[in-house]
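This report refers to the structure that appears directly beneath it.
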Amino acid sequence: MIYHLFKLFESLGWNLPGGGLMNYISFRAMMSSITALLVALVAGKKIIAWLQKKQIGETIRDLGLEGQMAKKGTPTMGGIIIILSILAGTLLFCRLDNIYTILLTVTALWLGGLGFADDYIKVFKHNKEGLSEKAKLLGQFVLALGIGLAICFVPQFWGGETKEIVTTIPFVKAHEFNYAWLIPFKGQFGMYCTWVLYVLVIIFVILACSNGTNLTDGLDGLAAGTSAIVGIVIGIFGWLSSSTVNSDYLNIMYLPGSGEVAVFMAAFAGALLGFLWYNCYPAQVFMGDTGSLALGGIIGVAAMLTRKELLLPILCGIFLVESLSVLMQRGYFKYTKKRYGEGKRIFRMSPLHHHFQKEGIPAIIQTPAKAMPESKIVGRFWIVGIILAVATLALLKLR
């Protein structure tokens with residue numbers, strides 16, 4: 001909004017001091033981040049007080065984890081703080097006519113709304129199950145399909161021309177992978193098959209990221225901290241890809257307009273840092289599905305927009321391992337129960353972060369021997385997330 005306001009003044013011949021700064025993505029990104037951070041700090045306190053007044057507290061199921069029941073009644077639906085802060089930074093400092101901004105904003109609102117519906121059913125309808133898994137997946141699928149079709153058919157992504165669908169991949173000279181290489185057909189039919197495959201990849205990435213973040217949201221500050229780290233890296237990717245100089249130097253794709261991803265993700269990171277002020281151990285508020293579904297979806301969409309989706313297994317390694325731990329645990333338990341009549345576990349508890357909180361449960365993996373404090377688990381997960389983030393950035397120079 002401020003960007004467009006200064007552009008209006010410029011068109012009227014009013015050269016106001018500081019107007020030129022709006023042309024710099026780096027400046028707008030910093031201002032967007034600061035704005036989101038301040039909104040989260042100021043509005044967060046008031047929203048938490050309102051949630052407490054309305055007695056919108058978390059319902060805790062006793063899993064025998066240390067300090068778990070002390071969290072009962074802690075306000076939830078704090079994702080409202082995150083979404084509001086992101087929108088504040090975005091609306092003030094992003095280009096609102098940019099397709100990248102539009103798709104990321106739609107993602108935040110759509111998945112935030114879906115998560116809000118789930119939290120609303122749990123809190124106000126006193127239904128612990130919330131939205132059914134099918135309803136959640138359907139909502140995520142509809143959004144992902146819409147994003148996929150937009151990326152494929154909006155001319156702003158392709159300059160009005162039919163181009164090959166390529167993405168960034170590490171360890172190869174040109175840093176590019178062409179999806180057409182996976183299609184055995186040539187010609188027009190092969191091109192159509194490539195586009196269908198690309199849309200399916202987009203749907204898978206968005207659903208995987210959204211649900212992976214949702215599973216990671218189990219300890220104070222865990223999902224918010226790791227998501228902020230990932231968001232900063234994707235923002236850097238957006239900034240680098242928007243510059244002909246940087247993209248040429250790093251030999252990555254030049255994506256005109258992708259700098260707005262950097263501005264949006266700066267607001268994303270700022271909002272999460274502000275939210276962490278209240279969400280770090282011991283948490284004064286939980287983000288709920290209102291926040292976790294939106295965070296993962298934003299990460300997935302931003303990765304697709306910057307053509308960095310194949311780097312996500314490394315960058316989002318925390319989310320990936322958390323998701324795999326659940327799949328492995330459920331699969332192995334069902335298999336052993338069917339074969340031996342008694343279900344066995346790989347981890348003491350899943351998702352993985354709960355494994356480190358529990359002891360005395362028979363499981364294949366018994367390390368560490370004793371349960372770890374929640375704050376230590378979160379701190380170590382953050383450290384691993386930072387290592388993965390640095391490794392992902394370093395891959396841009398490995399050929």
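Convention: chains lettered A, B, ... in structure tokens order; per-chain residue numbering from 1; ligands numbered from 1 as shown.
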
Residue contacts of segment 277-286 of chain A (6 Å, only C-alpha atoms) excluding same-chain residues fewer than 5 positions away, as a list of chain:residue names: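 Skipping anything fewer than 5 positions along the chain leaves A:Thr74, A:Pro75, A:Thr76, A:Gly78, A:Asp220, A:Gly221.
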
Could you give me, as a Markdown table, every segment 42-128 of chain A residue with an atom at most 9 Å from segment 295-310 of chain A, plus its closest atom pair and distance in Å to one decimal, counting only C-alpha atoms, rows ordered by chain then number?
| residue | atom | partner | partner_atom | distance |
| --- | --- | --- | --- | --- |
| A:Ile82 | CA | A:Leu295 | CA | 8.9 |
| A:Tyr100 | CA | A:Leu305 | CA | 7.1 |
| A:Leu103 | CA | A:Val301 | CA | 8.0 |
| A:Leu104 | CA | A:Ile298 | CA | 6.3 |
| A:Thr105 | CA | A:Ile298 | CA | 8.6 |
| A:Thr107 | CA | A:Ile298 | CA | 6.2 |
| A:Ala108 | CA | A:Ile298 | CA | 6.3 |
| A:Leu111 | CA | A:Gly297 | CA | 7.0 |
| A:Gly112 | CA | A:Leu295 | CA | 8.5 |

Contacts of segment 190-207 of chain A at 9 Å (only C-alpha atoms; same-chain gap of 6+ positions) as an MDAnalysis selection string: chainID A and resid 137 140:145 147:149 151:152 164:165 179:184 296:301 303:304 309 312

Alpha helix (DSSP H) positions in segment 266-311 of chain A, given as a ChimeraX atom specification: /A:266-279,288-305

Those same residues, written as an mmCIF file, in the first residue's frame with N, CA and C atoms?
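Ended up saving to selection.cif:
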data_model
loop_
_atom_site.group_PDB
_atom_site.id
_atom_site.type_symbol
_atom_site.label_atom_id
_atom_site.label_comp_id
_atom_site.auth_asym_id
_atom_site.auth_seq_id
_atom_site.Cartn_x
_atom_site.Cartn_y
_atom_site.Cartn_z
ATOM 1 N N ALA A 266 9.632 -11.953 4.651
ATOM 2 C CA ALA A 266 10.175 -11.126 5.731
ATOM 3 C C ALA A 266 9.084 -10.835 6.752
ATOM 4 N N ALA A 267 7.875 -10.531 6.269
ATOM 5 C CA ALA A 267 6.738 -10.342 7.167
ATOM 6 C C ALA A 267 6.418 -11.649 7.893
ATOM 7 N N PHE A 268 6.532 -12.744 7.190
ATOM 8 C CA PHE A 268 6.307 -14.083 7.737
ATOM 9 C C PHE A 268 7.250 -14.342 8.914
ATOM 10 N N ALA A 269 8.548 -14.094 8.696
ATOM 11 C CA ALA A 269 9.541 -14.318 9.749
ATOM 12 C C ALA A 269 9.347 -13.345 10.905
ATOM 13 N N GLY A 270 9.058 -12.085 10.593
ATOM 14 C CA GLY A 270 8.831 -11.091 11.646
ATOM 15 C C GLY A 270 7.635 -11.436 12.510
ATOM 16 N N ALA A 271 6.560 -11.883 11.869
ATOM 17 C CA ALA A 271 5.361 -12.270 12.614
ATOM 18 C C ALA A 271 5.649 -13.436 13.553
ATOM 19 N N LEU A 272 6.448 -14.402 13.088
ATOM 20 C CA LEU A 272 6.755 -15.569 13.909
ATOM 21 C C LEU A 272 7.671 -15.209 15.072
ATOM 22 N N LEU A 273 8.614 -14.292 14.830
ATOM 23 C CA LEU A 273 9.478 -13.857 15.931
ATOM 24 C C LEU A 273 8.664 -13.124 16.995
ATOM 25 N N GLY A 274 7.727 -12.285 16.548
ATOM 26 C CA GLY A 274 6.844 -11.616 17.495
ATOM 27 C C GLY A 274 5.969 -12.596 18.248
ATOM 28 N N PHE A 275 5.481 -13.612 17.547
ATOM 29 C CA PHE A 275 4.643 -14.628 18.180
ATOM 30 C C PHE A 275 5.446 -15.446 19.187
ATOM 31 N N LEU A 276 6.726 -15.677 18.885
ATOM 32 C CA LEU A 276 7.579 -16.448 19.793
ATOM 33 C C LEU A 276 7.757 -15.749 21.145
ATOM 34 N N TRP A 277 7.587 -14.431 21.153
ATOM 35 C CA TRP A 277 7.671 -13.687 22.412
ATOM 36 C C TRP A 277 6.675 -14.250 23.425
ATOM 37 N N TYR A 278 5.543 -14.705 22.925
ATOM 38 C CA TYR A 278 4.489 -15.246 23.787
ATOM 39 C C TYR A 278 4.407 -16.771 23.737
ATOM 40 N N ASN A 279 5.034 -17.375 22.726
ATOM 41 C CA ASN A 279 4.883 -18.814 22.515
ATOM 42 C C ASN A 279 6.070 -19.625 23.003
ATOM 43 N N GLY A 288 -2.353 -23.184 17.485
ATOM 44 C CA GLY A 288 -3.469 -23.992 17.016
ATOM 45 C C GLY A 288 -3.344 -24.275 15.526
ATOM 46 N N ASP A 289 -4.338 -24.937 14.977
ATOM 47 C CA ASP A 289 -4.343 -25.213 13.537
ATOM 48 C C ASP A 289 -4.490 -23.931 12.726
ATOM 49 N N THR A 290 -5.029 -22.882 13.338
ATOM 50 C CA THR A 290 -5.144 -21.592 12.661
ATOM 51 C C THR A 290 -3.789 -21.131 12.164
ATOM 52 N N GLY A 291 -2.759 -21.396 12.969
ATOM 53 C CA GLY A 291 -1.411 -21.005 12.575
ATOM 54 C C GLY A 291 -0.656 -22.082 11.838
ATOM 55 N N SER A 292 -0.669 -23.305 12.365
ATOM 56 C CA SER A 292 0.201 -24.355 11.822
ATOM 57 C C SER A 292 -0.149 -24.737 10.385
ATOM 58 N N LEU A 293 -1.427 -24.851 10.060
ATOM 59 C CA LEU A 293 -1.804 -25.189 8.680
ATOM 60 C C LEU A 293 -1.379 -24.088 7.710
ATOM 61 N N ALA A 294 -1.550 -22.831 8.138
ATOM 62 C CA ALA A 294 -1.192 -21.703 7.272
ATOM 63 C C ALA A 294 0.312 -21.609 7.069
ATOM 64 N N LEU A 295 1.090 -21.809 8.133
ATOM 65 C CA LEU A 295 2.542 -21.690 8.030
ATOM 66 C C LEU A 295 3.114 -22.670 7.014
ATOM 67 N N GLY A 296 2.718 -23.935 7.132
ATOM 68 C CA GLY A 296 3.221 -24.937 6.203
ATOM 69 C C GLY A 296 2.782 -24.673 4.780
ATOM 70 N N GLY A 297 1.528 -24.251 4.611
ATOM 71 C CA GLY A 297 1.032 -23.950 3.266
ATOM 72 C C GLY A 297 1.786 -22.803 2.630
ATOM 73 N N ILE A 298 2.074 -21.757 3.412
ATOM 74 C CA ILE A 298 2.832 -20.607 2.899
ATOM 75 C C ILE A 298 4.227 -21.049 2.469
ATOM 76 N N ILE A 299 4.863 -21.885 3.282
ATOM 77 C CA ILE A 299 6.197 -22.372 2.934
ATOM 78 C C ILE A 299 6.160 -23.168 1.634
ATOM 79 N N GLY A 300 5.175 -24.051 1.493
ATOM 80 C CA GLY A 300 5.061 -24.850 0.275
ATOM 81 C C GLY A 300 4.824 -24.007 -0.960
ATOM 82 N N VAL A 301 3.904 -23.052 -0.857
ATOM 83 C CA VAL A 301 3.591 -22.190 -2.001
ATOM 84 C C VAL A 301 4.798 -21.317 -2.354
ATOM 85 N N ALA A 302 5.455 -20.745 -1.343
ATOM 86 C CA ALA A 302 6.621 -19.894 -1.601
ATOM 87 C C ALA A 302 7.743 -20.683 -2.263
ATOM 88 N N ALA A 303 7.921 -21.938 -1.847
ATOM 89 C CA ALA A 303 8.956 -22.781 -2.454
ATOM 90 C C ALA A 303 8.639 -23.066 -3.921
ATOM 91 N N MET A 304 7.366 -23.301 -4.229
ATOM 92 C CA MET A 304 6.980 -23.537 -5.622
ATOM 93 C C MET A 304 7.151 -22.267 -6.457
ATOM 94 N N LEU A 305 6.797 -21.132 -5.901
ATOM 95 C CA LEU A 305 6.886 -19.875 -6.643
ATOM 96 C C LEU A 305 8.332 -19.510 -6.968
#

Atom pair atom CA of Met253 of chain A / atom CA of Leu315 of chain A: separation (Å):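 Computed distance, atom CA of Met253 of chain A to atom CA of Leu315 of chain A, equals 18.7 Å.
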
A:Val245, A:Val233, A:Met77, A:Val263 ranked by distance to Ala29 of chain A, top pick (using only C-alpha atoms): A:Val263

Segment 165-351 of chain A: residues DSSP assigns to strand (DSSP E or B), reported as a VMD selection string: chain A and resid 166 to 168 176 to 178

Top pick for closest residue to Gly235 of chain A, considering A:Ile25, A:Leu324, A:Ala208, A:Ala371 and counting only C-alpha atoms: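 When distances to Gly235 of chain A are compared using only C-alpha atoms, the smallest one comes from A:Ile25.
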
A:Val172, A:Met372, A:Cys316, A:Cys94 ranked by distance to Thr213 of chain A, top pick (using only C-alpha atoms): A:Cys316

Nearest candidate to Ile121 of chain A (options A:Ile56, A:Gly89, A:Leu388, A:Ile318; using only C-alpha atoms): A:Ile56

Nearest residue to Leu311 of chain A from the set A:Trp14, A:Phe93, A:Phe237, A:Phe189 (distances using only C-alpha atoms): A:Phe237

Computed interatomic separation between atom CA of Gly238 of chain A and atom CA of Gly259 of chain A (Å): 5.2 Å

Can you tell me, as a PDB file with N, CA and C atoms, in the first residue's frame, what residues are no more than 8 Å from Thr101 of chain A when counting only C-alpha atoms, ignoring any on the same chain fewer than 6 positions away?
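That gives us around-v4.pdb:
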ATOM      1  N   THR A  90       2.577  -7.284   4.842  1.00  0.00           N
ATOM      2  CA  THR A  90       2.379  -7.505   3.408  1.00  0.00           C
ATOM      3  C   THR A  90       1.603  -6.359   2.767  1.00  0.00           C
ATOM      4  N   CYS A  94       4.327  -4.739   0.397  1.00  0.00           N
ATOM      5  CA  CYS A  94       4.393  -5.544  -0.826  1.00  0.00           C
ATOM      6  C   CYS A  94       3.715  -4.815  -1.983  1.00  0.00           C
ATOM      7  N   ARG A  95       4.080  -5.204  -3.188  1.00  0.00           N
ATOM      8  CA  ARG A  95       3.334  -4.755  -4.367  1.00  0.00           C
ATOM      9  C   ARG A  95       2.059  -5.601  -4.443  1.00  0.00           C
ATOM     10  N   GLU A 260       8.983  -9.974  -4.468  1.00  0.00           N
ATOM     11  CA  GLU A 260       7.864  -9.804  -3.536  1.00  0.00           C
ATOM     12  C   GLU A 260       7.730 -10.993  -2.593  1.00  0.00           C
ATOM     13  N   VAL A 261       8.251 -12.157  -3.018  1.00  0.00           N
ATOM     14  CA  VAL A 261       8.286 -13.304  -2.114  1.00  0.00           C
ATOM     15  C   VAL A 261       9.180 -12.991  -0.925  1.00  0.00           C
ATOM     16  N   PHE A 264       7.277 -10.668   1.399  1.00  0.00           N
ATOM     17  CA  PHE A 264       6.240 -11.417   2.115  1.00  0.00           C
ATOM     18  C   PHE A 264       6.859 -12.309   3.184  1.00  0.00           C
TER      19      PHE A 264
END
